[in-house]
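Content type PDB, C-alpha atoms, from the file work_14.pdb:
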```pdb
MODEL        1
ATOM      1  CA  MET Y 184     206.458 -54.521 -80.343  1.00  0.00           C
ATOM      2  CA  ASN Y 185     203.960 -51.906 -81.406  1.00  0.00           C
ATOM      3  CA  SER Y 186     205.439 -48.437 -80.942  1.00  0.00           C
ATOM      4  CA  LYS Y 187     202.039 -46.766 -81.286  1.00  0.00           C
ATOM      5  CA  THR Y 188     200.993 -48.079 -77.913  1.00  0.00           C
ATOM      6  CA  ASN Y 189     204.429 -47.715 -76.303  1.00  0.00           C
ATOM      7  CA  LEU Y 190     205.155 -44.197 -77.562  1.00  0.00           C
ATOM      8  CA  LYS Y 191     205.420 -41.700 -74.718  1.00  0.00           C
ATOM      9  CA  LYS Y 192     203.417 -38.489 -74.885  1.00  0.00           C
ATOM     10  CA  GLN Y 193     206.605 -36.409 -75.000  1.00  0.00           C
ATOM     11  CA  ASP Y 194     207.845 -38.490 -77.961  1.00  0.00           C
ATOM     12  CA  ARG Y 195     204.539 -37.974 -79.781  1.00  0.00           C
ATOM     13  CA  LEU Y 196     204.865 -34.209 -79.163  1.00  0.00           C
ATOM     14  CA  PHE Y 197     208.458 -34.387 -80.403  1.00  0.00           C
ATOM     15  CA  ILE Y 198     207.249 -35.981 -83.663  1.00  0.00           C
ATOM     16  CA  GLU Y 199     204.520 -33.362 -84.013  1.00  0.00           C
ATOM     17  CA  ARG Y 200     207.077 -30.539 -83.560  1.00  0.00           C
ATOM     18  CA  ILE Y 201     209.296 -32.040 -86.266  1.00  0.00           C
ATOM     19  CA  ALA Y 202     206.308 -32.356 -88.602  1.00  0.00           C
ATOM     20  CA  LYS Y 203     205.398 -28.690 -88.013  1.00  0.00           C
ATOM     21  CA  LYS Y 204     208.978 -27.588 -88.730  1.00  0.00           C
ATOM     22  CA  ILE Y 205     208.998 -29.572 -91.981  1.00  0.00           C
ATOM     23  CA  PHE Y 206     205.609 -28.166 -92.981  1.00  0.00           C
ATOM     24  CA  ILE Y 207     206.542 -24.560 -92.166  1.00  0.00           C
ATOM     25  CA  SER Y 208     209.821 -24.875 -94.074  1.00  0.00           C
ATOM     26  CA  GLY Y 209     207.906 -25.719 -97.252  1.00  0.00           C
ATOM     27  CA  PHE Y 210     209.747 -28.985 -97.827  1.00  0.00           C
ATOM     28  CA  THR Y 211     206.715 -31.213 -97.316  1.00  0.00           C
ATOM     29  CA  THR Y 212     206.927 -33.113-100.599  1.00  0.00           C
ATOM     30  CA  PRO Y 213     210.700 -33.778-100.538  1.00  0.00           C
ATOM     31  CA  ALA Y 214     210.479 -34.788 -96.865  1.00  0.00           C
ATOM     32  CA  VAL Y 215     207.658 -37.251 -97.551  1.00  0.00           C
ATOM     33  CA  PHE Y 216     209.584 -38.800-100.468  1.00  0.00           C
ATOM     34  CA  PHE Y 217     212.765 -39.052 -98.404  1.00  0.00           C
ATOM     35  CA  LEU Y 218     211.006 -40.553 -95.388  1.00  0.00           C
ATOM     36  CA  GLU Y 219     209.128 -43.089 -97.526  1.00  0.00           C
ATOM     37  CA  MET Y 220     212.369 -44.172 -99.221  1.00  0.00           C
ATOM     38  CA  THR Y 221     214.326 -44.508 -96.000  1.00  0.00           C
ATOM     39  CA  LYS Y 222     211.628 -46.075 -93.811  1.00  0.00           C
ATOM     40  CA  PRO Y 223     212.966 -49.640 -94.351  1.00  0.00           C
ATOM     41  CA  LEU Y 224     216.431 -48.469 -93.232  1.00  0.00           C
ATOM     42  CA  ALA Y 225     215.220 -46.833 -90.001  1.00  0.00           C
ATOM     43  CA  LEU Y 226     217.171 -49.055 -87.624  1.00  0.00           C
ATOM     44  CA  LEU Y 227     220.390 -48.775 -89.638  1.00  0.00           C
ATOM     45  CA  GLY Y 228     219.997 -45.000 -89.880  1.00  0.00           C
ATOM     46  CA  SER Y 229     219.409 -44.764 -86.149  1.00  0.00           C
ATOM     47  CA  HIS Y 230     222.619 -46.655 -85.444  1.00  0.00           C
ATOM     48  CA  LEU Y 231     224.492 -44.391 -87.862  1.00  0.00           C
ATOM     49  CA  LEU Y 232     223.178 -41.309 -86.030  1.00  0.00           C
ATOM     50  CA  ILE Y 233     224.356 -42.732 -82.712  1.00  0.00           C
ATOM     51  CA  PHE Y 234     227.762 -43.566 -84.198  1.00  0.00           C
ATOM     52  CA  LEU Y 235     228.154 -40.024 -85.586  1.00  0.00           C
ATOM     53  CA  GLY Y 236     226.722 -38.433 -82.432  1.00  0.00           C
ATOM     54  CA  PRO Y 237     229.968 -37.268 -80.814  1.00  0.00           C
ATOM     55  CA  VAL Y 238     231.137 -35.586 -84.028  1.00  0.00           C
ATOM     56  CA  ILE Y 239     227.801 -33.911 -84.764  1.00  0.00           C
ATOM     57  CA  ASN Y 240     227.280 -32.820 -81.158  1.00  0.00           C
ATOM     58  CA  SER Y 241     230.703 -31.186 -81.153  1.00  0.00           C
ATOM     59  CA  ILE Y 242     229.484 -28.958 -83.996  1.00  0.00           C
ATOM     60  CA  ILE Y 243     225.811 -28.594 -83.110  1.00  0.00           C
ATOM     61  CA  GLN Y 244     224.799 -28.706 -79.459  1.00  0.00           C
ATOM     62  CA  SER Y 245     221.402 -30.375 -79.370  1.00  0.00           C
ATOM     63  CA  ASP Y 246     219.742 -32.265 -76.556  1.00  0.00           C
ATOM     64  CA  ALA Y 247     217.226 -33.746 -78.984  1.00  0.00           C
ATOM     65  CA  TYR Y 248     219.862 -35.404 -81.187  1.00  0.00           C
ATOM     66  CA  TYR Y 249     220.042 -38.745 -79.379  1.00  0.00           C
ATOM     67  CA  ARG Y 250     216.327 -38.643 -78.652  1.00  0.00           C
ATOM     68  CA  SER Y 251     215.556 -38.380 -82.372  1.00  0.00           C
ATOM     69  CA  ALA Y 252     217.886 -41.296 -83.095  1.00  0.00           C
ATOM     70  CA  GLN Y 253     216.056 -43.391 -80.523  1.00  0.00           C
ATOM     71  CA  VAL Y 254     212.537 -42.380 -81.576  1.00  0.00           C
ATOM     72  CA  PHE Y 255     213.128 -42.886 -85.283  1.00  0.00           C
ATOM     73  CA  GLU Y 256     214.694 -46.326 -85.036  1.00  0.00           C
ATOM     74  CA  GLU Y 257     211.124 -47.652 -85.262  1.00  0.00           C
ATOM     75  CA  PRO Y 258     209.557 -47.546 -88.764  1.00  0.00           C
ATOM     76  CA  ASP Y 259     206.143 -47.044 -87.099  1.00  0.00           C
ATOM     77  CA  ASN Y 260     207.354 -43.722 -85.703  1.00  0.00           C
ATOM     78  CA  ILE Y 261     208.479 -42.624 -89.145  1.00  0.00           C
ATOM     79  CA  GLU Y 262     205.022 -43.550 -90.400  1.00  0.00           C
ATOM     80  CA  LEU Y 263     203.540 -41.444 -87.594  1.00  0.00           C
ATOM     81  CA  LEU Y 264     205.706 -38.498 -88.707  1.00  0.00           C
ATOM     82  CA  LEU Y 265     204.551 -38.979 -92.310  1.00  0.00           C
ATOM     83  CA  LYS Y 266     200.894 -39.010 -91.270  1.00  0.00           C
ATOM     84  CA  GLU Y 267     201.360 -35.868 -89.194  1.00  0.00           C
ATOM     85  CA  ILE Y 268     203.033 -34.039 -92.116  1.00  0.00           C
ATOM     86  CA  GLU Y 269     200.243 -35.126 -94.449  1.00  0.00           C
ATOM     87  CA  ARG Y 270     197.605 -34.047 -91.913  1.00  0.00           C
ATOM     88  CA  LEU Y 271     199.150 -30.571 -91.692  1.00  0.00           C
ATOM     89  CA  GLU Y 272     199.273 -30.335 -95.489  1.00  0.00           C
ATOM     90  CA  TRP Y 273     195.666 -31.519 -95.796  1.00  0.00           C
ATOM     91  CA  ASN Y 274     194.420 -28.989 -93.232  1.00  0.00           C
ATOM     92  CA  SER Y 275     196.317 -26.189 -94.961  1.00  0.00           C
ATOM     93  CA  ARG Y 276     194.840 -27.016 -98.357  1.00  0.00           C
ATOM     94  CA  LYS Y 277     191.387 -27.366 -96.851  1.00  0.00           C
ATOM     95  CA  LYS Y 278     191.695 -23.895 -95.285  1.00  0.00           C
ATOM     96  CA  GLU Y 279     192.754 -22.419 -98.610  1.00  0.00           C
ATOM     97  CA  GLY Y 280     189.753 -23.982-100.318  1.00  0.00           C
ATOM     98  CA  ALA Y 281     191.900 -26.158-102.577  1.00  0.00           C
ATOM     99  CA  ILE Y 282     190.108 -29.253-101.286  1.00  0.00           C
ATOM    100  CA  SER Y 283     186.354 -29.410-101.176  1.00  0.00           C
ATOM    101  CA  GLU Y 284     184.606 -31.432 -98.525  1.00  0.00           C
ATOM    102  CA  GLY Y 285     182.524 -34.294 -99.784  1.00  0.00           C
TER
ENDMDL
END
```

Go through the file and emit its structure as structure tokens.
Amino acid sequence: MNSKTNLKKQDRLFIERIAKKIFISGFTTPAVFFLEMTKPLALLGSHLLIFLGPVINSIIQSDAYYRSAQVFEEPDNIELLLKEIERLEWNSRKKEGAISEG
């Protein structure tokens, strides 16, 4: 099943919002390393998030918690998040003149 074709528009926007938050926080490099290392464990991590959901939601009220667990159970969606983070970083460096075109 190819998640790129089955990904809803709202899920794609959700991934883009997460990428922007990571980029704005300044943790682009650590996030990319972490996501690359954990990509093979996406399904296991998703199940762990669902298992811990009641405990975490009792502390932090978030409607997006279970949605993120569902979206990121697919390694393709993690790859999409990585590409979006890298795109934001690339555009930022290009604006600053750190990367020349050509």

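For the residues Y:Lys222, Y:Leu263, Y:Leu227, Y:Arg276, ranking by smallest atom-to-atom distance to Leu196 in chain Y using only C-alpha atoms places Y:Leu263 first.
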
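Comparing the minimum interatomic distances between Ser275 in chain Y and each of Y:Leu232, Y:Ile198, Y:Ile243, Y:Ile207, counting all atoms listed in the file, we find that Y:Ile207 sits nearest.
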
Next item on the list: Translate the PyMOL selection byres ((chain Y and resi 248-262) around 9), as applied to the file shown, into an explicit residue set as a VMD selection string.
Entry: chain Y and resid 185 to 187 190 194 to 195 197 to 198 218 to 219 222 to 233 236 239 to 240 244 to 247 263 to 267

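Closest approach to Thr212 in chain Y among Y:Asn274, Y:Arg200, Y:Glu269, Y:Gly280: Y:Glu269, based on only C-alpha atoms.
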
Next item on the list: Rounded to one decimal place, report the CA of Pro213 in chain Y-CA of Glu279 in chain Y distance in Å.
Entry: 21.3 Å
